[in-house]
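Asks: Okay, so here is upload.txt, and as you'll see once you scroll down, it has compact mmCIF, C-alpha atoms.
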```txt
# COMPACT_ATOMS: atom_id res chain seq x y z
CA MET A 1 -60.64 107.40 -87.90
CA THR A 2 -57.30 106.57 -89.48
CA SER A 3 -55.57 108.51 -92.21
CA VAL A 4 -53.46 107.37 -95.10
CA ALA A 5 -50.50 109.33 -96.43
CA LEU A 6 -51.53 109.52 -100.05
CA GLY A 7 -49.58 110.94 -102.94
CA ILE A 8 -50.11 114.01 -105.10
CA PRO A 9 -53.70 114.93 -104.09
CA SER A 10 -52.73 115.29 -100.42
CA VAL A 11 -50.05 117.87 -101.22
CA ARG A 12 -51.20 121.42 -100.53
CA ILE A 13 -51.03 123.20 -103.87
CA LYS A 14 -49.84 126.79 -103.82
CA PRO A 15 -52.50 129.10 -105.32
CA ILE A 16 -51.84 129.85 -108.96
CA ALA A 17 -52.21 133.58 -108.26
CA GLU A 18 -53.06 135.86 -105.38
CA ARG A 19 -56.80 136.37 -105.18
CA ARG A 20 -58.16 139.77 -106.11
CA ARG A 21 -59.19 141.62 -102.98
CA SER A 22 -62.95 141.96 -102.85
CA ARG A 23 -65.51 142.72 -100.20
CA GLN A 24 -67.33 139.70 -98.82
CA ILE A 25 -71.07 139.13 -98.86
CA MET A 26 -73.11 136.29 -97.43
CA VAL A 27 -75.46 134.38 -99.74
CA GLY A 28 -77.37 132.59 -97.04
CA SER A 29 -74.76 130.46 -95.29
CA VAL A 30 -72.22 130.71 -98.12
CA PRO A 31 -69.60 133.49 -98.01
CA VAL A 32 -68.77 134.98 -101.40
CA GLY A 33 -65.73 137.16 -101.94
CA GLY A 34 -62.97 138.16 -99.56
CA ASP A 35 -60.95 135.13 -98.55
CA ALA A 36 -63.83 132.66 -99.07
CA PRO A 37 -63.23 129.74 -101.43
CA VAL A 38 -64.64 130.08 -104.94
CA SER A 39 -68.15 128.62 -104.82
CA VAL A 40 -70.01 126.69 -107.52
CA GLN A 41 -73.55 127.49 -108.62
CA SER A 42 -76.16 126.22 -111.03
CA MET A 43 -79.74 127.00 -112.00
CA THR A 44 -82.80 124.78 -111.97
CA THR A 45 -84.49 123.93 -115.27
CA THR A 46 -87.87 123.11 -113.73
CA VAL A 47 -90.87 125.42 -113.62
CA THR A 48 -90.35 126.99 -110.22
CA ALA A 49 -94.09 126.84 -109.47
CA ASP A 50 -93.75 123.04 -109.58
CA ILE A 51 -92.41 122.94 -106.05
CA ASN A 52 -91.80 119.19 -105.81
CA ALA A 53 -89.92 118.99 -109.11
CA THR A 54 -87.85 122.05 -108.24
CA LEU A 55 -86.93 120.73 -104.79
CA GLN A 56 -86.02 117.35 -106.28
CA GLN A 57 -83.67 119.01 -108.75
CA ILE A 58 -82.16 121.15 -106.00
CA ALA A 59 -81.57 117.99 -103.95
CA ALA A 60 -79.76 116.36 -106.90
CA LEU A 61 -77.65 119.50 -107.36
CA THR A 62 -76.83 119.58 -103.66
CA ALA A 63 -75.71 115.95 -103.77
CA SER A 64 -73.43 116.74 -106.72
CA GLY A 65 -71.63 119.53 -104.85
CA CYS A 66 -73.65 122.61 -105.82
CA GLN A 67 -73.36 125.31 -103.14
CA ILE A 68 -75.82 127.94 -104.37
CA VAL A 69 -78.82 127.45 -106.66
CA ARG A 70 -80.78 129.94 -108.75
CA VAL A 71 -84.45 129.59 -109.67
CA ALA A 72 -86.34 131.49 -112.36
CA VAL A 73 -89.25 133.69 -111.32
CA PRO A 74 -91.06 134.84 -114.48
CA SER A 75 -94.62 134.56 -113.10
CA GLN A 76 -96.77 135.15 -110.03
CA ASP A 77 -97.13 131.40 -109.54
CA ASP A 78 -93.33 131.10 -109.40
CA ALA A 79 -93.10 133.94 -106.89
CA GLU A 80 -95.72 132.27 -104.67
CA ALA A 81 -93.67 129.06 -104.63
CA LEU A 82 -90.53 130.81 -103.32
CA PRO A 83 -91.26 130.70 -99.56
CA ILE A 84 -91.54 126.89 -99.53
CA ILE A 85 -88.56 126.37 -101.84
CA ALA A 86 -86.34 128.76 -99.89
CA LYS A 87 -87.28 127.09 -96.62
CA LYS A 88 -86.86 123.48 -97.73
CA SER A 89 -83.76 123.81 -99.92
CA GLN A 90 -80.56 122.55 -98.29
CA ILE A 91 -78.51 125.21 -100.08
CA PRO A 92 -79.10 128.97 -100.48
CA VAL A 93 -81.67 129.89 -103.14
CA ILE A 94 -81.28 132.91 -105.41
CA ALA A 95 -84.35 134.27 -107.18
CA ASP A 96 -83.69 135.20 -110.82
CA ILE A 97 -85.80 138.23 -111.77
CA HIS A 98 -86.42 139.69 -115.20
CA PHE A 99 -89.02 142.18 -116.43
CA GLN A 100 -91.11 142.57 -113.23
CA PRO A 101 -89.71 144.56 -110.28
CA LYS A 102 -92.57 143.35 -108.05
CA TYR A 103 -91.04 139.86 -108.00
CA VAL A 104 -87.85 141.29 -106.49
CA PHE A 105 -89.83 142.33 -103.42
CA ALA A 106 -91.66 138.99 -103.37
CA ALA A 107 -88.35 137.10 -103.41
CA ILE A 108 -86.94 139.19 -100.58
CA GLU A 109 -90.07 138.65 -98.48
CA ALA A 110 -90.01 134.91 -99.31
CA GLY A 111 -86.68 134.42 -97.58
CA CYS A 112 -84.48 133.91 -100.64
CA ALA A 113 -80.77 134.12 -99.87
CA ALA A 114 -80.18 136.63 -102.68
CA VAL A 115 -81.85 138.15 -105.71
CA ARG A 116 -80.40 138.39 -109.20
CA VAL A 117 -81.68 141.31 -111.28
CA ASN A 118 -81.02 142.04 -114.94
CA PRO A 119 -81.33 145.82 -115.29
CA GLY A 120 -81.45 145.66 -119.08
CA ASN A 121 -84.66 143.63 -118.96
CA ILE A 122 -86.53 145.54 -116.25
CA LYS A 123 -88.34 148.63 -117.47
CA LYS A 124 -87.96 151.63 -115.16
CA PHE A 125 -85.67 149.52 -112.97
CA ASP A 126 -83.62 152.57 -112.01
CA ASP A 127 -86.73 154.17 -110.51
CA LYS A 128 -87.17 151.19 -108.16
CA VAL A 129 -83.60 150.99 -106.88
CA GLY A 130 -84.29 152.96 -103.71
CA GLU A 131 -87.17 150.71 -102.69
CA ILE A 132 -85.25 147.55 -103.59
CA ALA A 133 -82.19 148.71 -101.66
CA LYS A 134 -84.26 149.38 -98.54
CA ALA A 135 -86.10 146.06 -98.69
CA ALA A 136 -82.89 144.12 -99.32
CA ALA A 137 -81.04 145.92 -96.52
CA ASP A 138 -83.91 145.37 -94.07
CA HIS A 139 -83.87 141.62 -94.77
CA GLY A 140 -80.10 141.21 -95.15
CA VAL A 141 -80.46 140.01 -98.75
CA PRO A 142 -77.63 140.72 -101.22
CA ILE A 143 -78.32 141.69 -104.82
CA ARG A 144 -76.54 140.33 -107.88
CA ILE A 145 -76.46 142.79 -110.71
CA GLY A 146 -76.36 140.46 -113.68
CA VAL A 147 -75.53 142.12 -116.99
CA ASN A 148 -75.86 139.96 -120.10
CA ALA A 149 -74.71 140.68 -123.63
CA GLY A 150 -78.06 139.49 -124.99
CA SER A 151 -80.10 141.88 -122.85
CA LEU A 152 -77.95 144.97 -122.55
CA ASP A 153 -79.61 148.30 -121.85
CA PRO A 154 -80.63 149.82 -125.23
CA ARG A 155 -78.98 153.10 -124.27
CA LEU A 156 -75.60 151.40 -124.02
CA LEU A 157 -76.13 149.42 -127.21
CA GLN A 158 -76.71 152.71 -128.98
CA LYS A 159 -73.61 154.23 -127.40
CA TYR A 160 -71.20 151.37 -128.12
CA GLY A 161 -72.84 149.77 -131.14
CA LYS A 162 -72.76 146.29 -129.59
CA ALA A 163 -72.13 144.49 -126.31
CA THR A 164 -68.46 145.39 -125.90
CA PRO A 165 -66.52 144.75 -122.68
CA GLU A 166 -66.74 148.46 -121.95
CA ALA A 167 -70.51 148.49 -122.44
CA LEU A 168 -71.02 145.54 -120.09
CA VAL A 169 -68.86 147.09 -117.39
CA GLU A 170 -70.46 150.52 -117.70
CA SER A 171 -73.91 148.99 -117.34
CA ALA A 172 -72.94 147.08 -114.19
CA LEU A 173 -71.15 149.96 -112.50
CA TRP A 174 -73.96 152.40 -113.32
CA GLU A 175 -76.46 150.18 -111.56
CA CYS A 176 -74.08 149.74 -108.63
CA SER A 177 -73.82 153.52 -108.33
CA LEU A 178 -77.59 153.79 -108.02
CA PHE A 179 -77.60 151.33 -105.11
CA GLU A 180 -74.62 153.10 -103.57
CA GLU A 181 -76.61 156.35 -103.54
CA HIS A 182 -78.91 154.63 -101.05
CA GLY A 183 -76.03 153.26 -98.98
CA PHE A 184 -76.46 149.70 -100.25
CA ARG A 185 -73.28 147.81 -101.11
CA ASP A 186 -74.24 144.21 -100.44
CA ILE A 187 -73.71 143.49 -104.13
CA LYS A 188 -72.03 141.02 -106.43
CA ILE A 189 -71.70 141.50 -110.17
CA SER A 190 -71.64 139.45 -113.34
CA VAL A 191 -70.94 140.66 -116.88
CA LYS A 192 -71.62 137.66 -119.09
CA HIS A 193 -71.02 137.20 -122.80
CA ASN A 194 -71.16 134.13 -125.05
CA ASP A 195 -67.68 134.89 -126.42
CA PRO A 196 -65.00 133.89 -123.88
CA VAL A 197 -62.59 136.53 -125.18
CA VAL A 198 -65.07 139.38 -124.69
CA MET A 199 -66.12 137.93 -121.34
CA ILE A 200 -62.51 137.76 -120.09
CA GLN A 201 -61.86 141.35 -121.16
CA ALA A 202 -65.04 142.55 -119.44
CA TYR A 203 -64.19 140.92 -116.12
CA ARG A 204 -60.64 142.22 -116.23
CA LEU A 205 -61.94 145.76 -116.70
CA LEU A 206 -64.53 145.28 -113.97
CA ALA A 207 -61.98 143.87 -111.52
CA GLN A 208 -59.87 147.01 -111.92
CA GLN A 209 -62.76 149.38 -111.24
CA CYS A 210 -64.53 147.97 -108.18
CA ASP A 211 -64.08 145.74 -105.16
CA TYR A 212 -67.41 143.91 -105.41
CA PRO A 213 -67.29 140.10 -105.54
CA LEU A 214 -67.60 138.78 -109.08
CA HIS A 215 -69.76 135.94 -110.37
CA LEU A 216 -68.13 134.37 -113.44
CA GLY A 217 -70.10 132.96 -116.33
CA VAL A 218 -70.01 132.48 -120.08
CA THR A 219 -73.64 132.92 -121.02
CA GLU A 220 -75.27 130.66 -123.62
CA ALA A 221 -72.04 128.69 -123.70
CA GLY A 222 -73.63 125.90 -125.76
CA PRO A 223 -73.96 122.10 -125.65
CA ALA A 224 -71.94 120.11 -123.15
CA PHE A 225 -68.68 119.78 -125.10
CA GLN A 226 -68.55 123.30 -126.51
CA GLY A 227 -69.81 124.89 -123.29
CA THR A 228 -67.26 123.01 -121.22
CA ILE A 229 -64.41 124.22 -123.44
CA LYS A 230 -65.60 127.84 -123.40
CA SER A 231 -66.11 127.86 -119.64
CA ALA A 232 -62.81 126.14 -118.89
CA VAL A 233 -60.91 128.61 -121.07
CA ALA A 234 -62.63 131.70 -119.67
CA PHE A 235 -62.69 130.66 -116.03
CA GLY A 236 -59.15 129.31 -116.21
CA ALA A 237 -57.81 132.59 -117.57
CA LEU A 238 -59.56 134.73 -114.96
CA LEU A 239 -59.14 132.49 -111.93
CA ALA A 240 -55.45 132.12 -112.81
CA GLU A 241 -55.26 135.90 -112.38
CA GLY A 242 -57.12 135.77 -109.06
CA ILE A 243 -60.35 137.13 -110.56
CA GLY A 244 -63.62 135.45 -109.62
CA ASP A 245 -65.44 134.58 -106.41
CA THR A 246 -68.25 132.28 -107.55
CA ILE A 247 -68.90 130.49 -110.85
CA ARG A 248 -71.71 129.02 -112.91
CA VAL A 249 -70.99 126.86 -115.95
CA SER A 250 -73.87 127.39 -118.40
CA LEU A 251 -74.50 124.27 -120.47
CA SER A 252 -77.32 123.00 -122.67
CA ALA A 253 -77.26 119.93 -120.46
CA PRO A 254 -78.71 118.78 -117.13
CA PRO A 255 -77.71 121.15 -114.29
CA VAL A 256 -75.77 118.44 -112.46
CA GLU A 257 -73.38 118.36 -115.44
CA GLU A 258 -72.70 122.06 -114.88
CA ILE A 259 -71.62 121.30 -111.32
CA LYS A 260 -69.31 118.48 -112.42
CA VAL A 261 -67.56 120.79 -114.88
CA GLY A 262 -67.36 123.67 -112.41
CA ILE A 263 -65.86 121.54 -109.67
CA GLY A 264 -63.45 120.00 -112.16
CA ILE A 265 -62.24 123.45 -113.22
CA LEU A 266 -61.61 124.49 -109.62
CA GLU A 267 -59.84 121.23 -108.80
CA SER A 268 -57.63 121.54 -111.87
CA LEU A 269 -56.53 125.02 -110.77
CA GLY A 270 -55.85 123.90 -107.21
CA LEU A 271 -58.70 126.08 -105.92
CA ARG A 272 -60.49 123.11 -104.40
CA GLU A 273 -59.19 119.90 -102.87
CA ARG A 274 -59.03 117.25 -105.55
CA GLY A 275 -61.36 114.30 -105.25
CA LEU A 276 -61.11 111.12 -107.27
CA GLU A 277 -58.87 111.72 -110.31
CA ILE A 278 -58.26 109.28 -113.13
CA VAL A 279 -54.92 109.77 -114.89
CA SER A 280 -54.85 107.84 -118.15
CA CYS A 281 -52.72 108.00 -121.27
CA PRO A 282 -54.23 109.01 -124.62
CA SER A 283 -52.95 105.76 -126.11
CA CYS A 284 -50.65 105.46 -129.10
CA GLY A 285 -48.93 102.85 -131.23
CA ARG A 286 -46.90 101.73 -128.20
CA ALA A 287 -49.99 100.73 -126.19
CA GLN A 288 -50.37 96.98 -125.73
CA VAL A 289 -53.76 97.10 -123.98
CA ASP A 290 -57.09 98.82 -124.63
CA VAL A 291 -56.46 101.91 -122.48
CA TYR A 292 -59.74 103.58 -123.47
CA THR A 293 -61.85 100.71 -122.18
CA LEU A 294 -59.75 100.21 -119.06
CA ALA A 295 -59.97 103.89 -118.07
CA GLU A 296 -63.73 104.07 -118.72
CA GLN A 297 -64.38 100.90 -116.73
CA VAL A 298 -62.29 102.06 -113.78
CA GLN A 299 -63.99 105.46 -113.78
CA ALA A 300 -67.44 103.86 -113.94
CA GLY A 301 -66.56 101.42 -111.18
CA LEU A 302 -65.43 104.20 -108.85
CA GLU A 303 -68.24 106.65 -109.67
CA GLY A 304 -69.35 108.33 -106.46
CA LEU A 305 -66.18 107.61 -104.50
CA LYS A 306 -65.54 111.00 -102.93
CA VAL A 307 -61.96 110.68 -101.72
CA PRO A 308 -58.75 112.50 -102.73
CA LEU A 309 -57.40 109.60 -104.73
CA ARG A 310 -55.33 109.69 -107.92
CA VAL A 311 -55.61 106.52 -110.01
CA ALA A 312 -53.30 106.07 -113.01
CA VAL A 313 -54.34 103.79 -115.87
CA MET A 314 -51.38 103.52 -118.23
CA GLY A 315 -50.93 101.49 -121.39
CA CYS A 316 -47.22 101.12 -122.09
CA VAL A 317 -43.79 100.92 -120.51
CA VAL A 318 -42.60 104.40 -121.58
CA ASN A 319 -44.52 106.62 -119.12
CA GLY A 320 -46.60 103.91 -117.48
CA PRO A 321 -44.40 102.88 -114.54
CA GLY A 322 -43.50 106.47 -113.67
CA GLU A 323 -47.10 107.73 -113.71
CA ALA A 324 -48.37 104.68 -111.84
CA ARG A 325 -45.65 105.10 -109.22
CA GLU A 326 -46.46 108.79 -108.69
CA ALA A 327 -50.19 108.14 -108.27
CA ASP A 328 -51.82 106.77 -105.12
CA LEU A 329 -52.89 103.74 -107.11
CA GLY A 330 -52.06 102.75 -110.64
CA VAL A 331 -51.38 100.17 -113.29
CA ALA A 332 -48.62 99.98 -115.88
CA SER A 333 -49.90 97.66 -118.58
CA GLY A 334 -48.27 95.65 -121.35
CA ASN A 335 -48.08 92.21 -122.91
CA GLY A 336 -51.53 91.25 -121.65
CA LYS A 337 -50.84 91.99 -117.98
CA GLY A 338 -50.54 94.89 -115.59
CA GLN A 339 -48.29 95.82 -112.70
CA ILE A 340 -50.40 97.24 -109.87
CA PHE A 341 -48.79 100.06 -107.88
CA VAL A 342 -50.01 101.28 -104.48
CA LYS A 343 -48.30 104.38 -103.07
CA GLY A 344 -45.28 103.90 -105.31
CA GLU A 345 -44.73 100.19 -104.77
CA VAL A 346 -45.60 97.24 -107.01
CA ILE A 347 -47.91 95.00 -104.99
CA LYS A 348 -48.81 92.45 -107.67
CA THR A 349 -48.97 91.66 -111.37
CA VAL A 350 -52.32 90.56 -112.77
CA PRO A 351 -53.67 89.45 -116.18
CA GLU A 352 -55.25 92.18 -118.30
CA SER A 353 -58.70 90.70 -117.61
CA GLN A 354 -58.25 91.39 -113.87
CA ILE A 355 -56.83 94.93 -114.03
CA VAL A 356 -60.12 96.77 -113.58
CA GLU A 357 -61.34 94.52 -110.78
CA THR A 358 -58.02 94.81 -108.95
CA LEU A 359 -57.82 98.60 -109.23
CA ILE A 360 -61.36 98.98 -107.92
CA GLU A 361 -60.68 96.65 -105.00
CA GLU A 362 -57.50 98.50 -104.06
CA ALA A 363 -59.19 101.91 -104.40
CA LEU A 364 -61.99 100.87 -102.06
CA ARG A 365 -59.47 99.46 -99.61
CA LEU A 366 -57.59 102.76 -99.57
CA ALA A 367 -60.88 104.62 -99.12
CA GLU A 368 -61.73 102.48 -96.09
CA GLU A 369 -58.28 103.14 -94.61
CA MET A 370 -59.10 106.85 -94.95
CA GLY A 371 -62.19 106.42 -92.81
CA VAL A 372 -64.73 106.12 -95.63
CA GLU A 373 -67.36 103.43 -95.37
CA VAL A 374 -68.05 101.94 -98.81
CA ASP A 375 -71.38 100.41 -99.78
CA LEU A 376 -71.07 98.19 -102.87
CA ASP A 377 -74.76 97.25 -103.10
CA ASP A 378 -75.57 100.14 -105.42
CA ALA A 379 -75.00 99.03 -108.99
CA SER A 380 -74.47 102.61 -110.15
CA GLY A 381 -71.22 102.81 -108.22
CA PRO A 382 -69.93 102.79 -104.67
CA GLU A 383 -71.83 104.81 -102.12
CA VAL A 384 -69.50 106.29 -99.54
CA VAL A 385 -70.14 107.60 -96.07
CA VAL A 386 -67.44 109.34 -94.01
CA ARG A 387 -67.22 107.77 -90.56
```
Turn the structure described in the file into structure tokens.

Replies:
Amino acid sequence: MTSVALGIPSVRIKPIAERRRSRQIMVGSVPVGGDAPVSVQSMTTTVTADINATLQQIAALTASGCQIVRVAVPSQDDAEALPIIAKKSQIPVIADIHFQPKYVFAAIEAGCAAVRVNPGNIKKFDDKVGEIAKAAADHGVPIRIGVNAGSLDPRLLQKYGKATPEALVESALWECSLFEEHGFRDIKISVKHNDPVVMIQAYRLLAQQCDYPLHLGVTEAGPAFQGTIKSAVAFGALLAEGIGDTIRVSLSAPPVEEIKVGIGILESLGLRERGLEIVSCPSCGRAQVDVYTLAEQVQAGLEGLKVPLRVAVMGCVVNGPGEAREADLGVASGNGKGQIFVKGEVIKTVPESQIVETLIEEALRLAEEMGVEVDLDDASGPEVVVR
């Protein structure tokens, strides 16, 4: 296998901030907290009792880069499906439990990698903590205490008047204290709110008051565009301060889209090695080519190419040559033609009609030089296999 000295993506980026020191737990094979990389999660939208559909969605999430998956368990049929799903899933499965404590025990017995409980939605949950702690400890299963603004314990709503940052944190730490009374500390915590500002404040407070690993999330973030903005703002602020050990982007969109956004956020912060990155100008009155179309066509043509490659698609002579030269591969366009740059050098000039084709060819050539076998038979984009 040969390697290619690529440009910006190959440079080791210094962390934006020192990570908050937290204890580490194991969610199946995935370490969470401590010095482990920030992991990306999602949740299935299928009925968990439909085993085939759920496993198919988990497979799609796994292929997209999801590291941990959560499944809903609102019924006995869902609980009975857990042993097969947990066994056949390629990534750790977390059972999401609301309302019924008996499903917590079922999930632990089923071999789930972790269990998420929402204390505000489980009646008499506090009375069951001792039993849950023993079962979880016996099976080596961590517990996520997931506090949500929309399902906060009524006692705390009465005390604070609404789901304030202080109320969310008090709820989470109270439940942690109950587990701690039984010697159980294999815990991670989330304190989610639909308002990024409240959510950020809650996690900052929580980070100061405990050393448990933290699962970040903006709950009910909204449709794809709005949810992406909210999540990027909230996660960016916290991760830039070293707060956060695992994330889930909550979108009213297919779960795979959540993974794409989550990975993109981590890559943008230098918390994960960058993959394929398209750098393109927003266009302006100086542009002499259709930058929008060029960028979209290049991105579509390289969909699925999982290599650390920065491709610049530029539309004028002001920033174009500089950006194209700094990228691994790029084009500086103008007057109906484009200069193609590879690793800082102009290798050819092509007509505008051949820019997309040329960039794709050169990107695939670079990928092959990096030891990636490219299959062009799939019309949806290149399939790549690392040799």

Asks: Could you pull the residues within 12 Å of Thr54 in chain A, counting all atoms listed in the file, minus those fewer than 4 positions along the same chain, as a ChimeraX atom specification?

Replies: /A:43-50,58-61,69-72,78,81-82,84-86,88-89,93,255

Asks: Save the residues we just selected, C-alpha atoms, as a short mmCIF file (atom, residue, chain, number, x, y, z; two decimals), in the frame of the given file?

Replies:
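See selection_4.cif below for the written result:
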```cif
data_model
loop_
_atom_site.label_atom_id
_atom_site.label_comp_id
_atom_site.auth_asym_id
_atom_site.auth_seq_id
_atom_site.Cartn_x
_atom_site.Cartn_y
_atom_site.Cartn_z
CA MET A 43 -79.74 127.00 -112.00
CA THR A 44 -82.80 124.78 -111.97
CA THR A 45 -84.49 123.93 -115.27
CA THR A 46 -87.87 123.11 -113.73
CA VAL A 47 -90.87 125.42 -113.62
CA THR A 48 -90.35 126.99 -110.22
CA ALA A 49 -94.09 126.84 -109.47
CA ASP A 50 -93.75 123.04 -109.58
CA ILE A 58 -82.16 121.15 -106.00
CA ALA A 59 -81.57 117.99 -103.95
CA ALA A 60 -79.76 116.36 -106.90
CA LEU A 61 -77.65 119.50 -107.36
CA VAL A 69 -78.82 127.45 -106.66
CA ARG A 70 -80.78 129.94 -108.75
CA VAL A 71 -84.45 129.59 -109.67
CA ALA A 72 -86.34 131.49 -112.36
CA ASP A 78 -93.33 131.10 -109.40
CA ALA A 81 -93.67 129.06 -104.63
CA LEU A 82 -90.53 130.81 -103.32
CA ILE A 84 -91.54 126.89 -99.53
CA ILE A 85 -88.56 126.37 -101.84
CA ALA A 86 -86.34 128.76 -99.89
CA LYS A 88 -86.86 123.48 -97.73
CA SER A 89 -83.76 123.81 -99.92
CA VAL A 93 -81.67 129.89 -103.14
CA PRO A 255 -77.71 121.15 -114.29
#
```

Asks: Between A:Thr62, A:Ser353, A:Gln299, A:Ser250, single out the one closest to Thr228 in chain A, counting only C-alpha atoms.

Replies: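 Closest candidate: A:Ser250.
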
Asks: Could you give me, as a Markdown table, every range 216-276 of chain A residue with an atom at most 10 Å from range 182-197 of chain A, plus its closest atom pair and distance in Å to one decimal, counting only C-alpha atoms, rows ordered by chain then number?

Replies:
```
| residue | atom | partner | partner_atom | distance |
| --- | --- | --- | --- | --- |
| A:Leu216 | CA | A:Ser190 | CA | 6.2 |
| A:Gly217 | CA | A:Lys192 | CA | 5.7 |
| A:Val218 | CA | A:Asn194 | CA | 5.4 |
| A:Thr219 | CA | A:Asn194 | CA | 4.9 |
| A:Glu220 | CA | A:Asn194 | CA | 5.6 |
| A:Ala221 | CA | A:Asn194 | CA | 5.7 |
| A:Gly222 | CA | A:Asn194 | CA | 8.6 |
| A:Gly227 | CA | A:Asn194 | CA | 9.5 |
| A:Ile229 | CA | A:Pro196 | CA | 9.7 |
| A:Lys230 | CA | A:Pro196 | CA | 6.1 |
| A:Ser231 | CA | A:Pro196 | CA | 7.5 |
| A:Ala232 | CA | A:Pro196 | CA | 9.5 |
| A:Val233 | CA | A:Pro196 | CA | 7.2 |
| A:Ala234 | CA | A:Pro196 | CA | 5.3 |
| A:Phe235 | CA | A:Pro196 | CA | 8.8 |
| A:Ala237 | CA | A:Pro196 | CA | 9.7 |
| A:Gly244 | CA | A:Ser190 | CA | 9.7 |
| A:Asp245 | CA | A:Lys188 | CA | 9.2 |
| A:Thr246 | CA | A:Lys188 | CA | 9.6 |
| A:Ile247 | CA | A:Ser190 | CA | 9.7 |
| A:Ser250 | CA | A:Asn194 | CA | 9.8 |
```

Asks: As an exercise, work out the distance from CA of Leu271 in chain A to CA of Ile16 in chain A in Å and give it to one decimal place.

Replies: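 Separation of CA of Leu271 in chain A and CA of Ile16 in chain A: 8.4 Å.
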
Asks: Any idea what the distance is between CA of Val372 in chain A and CA of Ser29 in chain A?

Replies: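 CA of Val372 in chain A sits 26.3 Å away from CA of Ser29 in chain A.
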
Asks: Measuring atom to atom with all atoms listed in the file, identify which of A:Asn118, A:Cys112, A:Ile263, A:Ser252 is nearest to Asn148 in chain A.

Replies: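 With all atoms listed in the file as the atom set, the closest residue is A:Asn118.
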
Asks: Taking 3 positions as the minimum chain separation for residues in the same chain, which residues sit within 8 Å of Ile97 in chain A when counting only C-alpha atoms? Answer as a ChimeraX atom specification.

Replies: /A:72-74,100-101,103-104,115-118

Asks: How many Å lie between CA of Ala17 in chain A and CA of Ile243 in chain A, rounded to one decimal?

Replies: 9.2 Å

Asks: Which residues are near Arg20 in chain A? Cut-off 10 Å, all atoms listed in the file, ignore same chain within fewer than 5 positions. Put them as an MDAnalysis selection string.

Replies: chainID A and resid 33:35 207:208 211 213:214 239 241:245

Asks: Counting all atoms listed in the file, which residue out of A:Gly338, A:Gly301, A:Pro119, A:Pro37 sits closest to Ala324 in chain A?

Replies: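 Going through A:Gly338, A:Gly301, A:Pro119, A:Pro37 one by one, the smallest distance to Ala324 in chain A is for A:Gly338.
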
Asks: For Ser171 in chain A, please output as a VMD selection string all residues within 8 Å (counting all atoms listed in the file; exclusion window: fewer than 4 positions along the same chain).

Replies: chain A and resid 147 152 to 153 156 167 175

Asks: Determine, counting all atoms listed in the file, which protein, DNA and RNA residues have an atom within 6 Å of an atom of Met314 in chain A; residues of the same chain fewer than 5 positions away are not included. Present the result as a VMD selection string.

Replies: chain A and resid 280 to 281 320 331 to 332
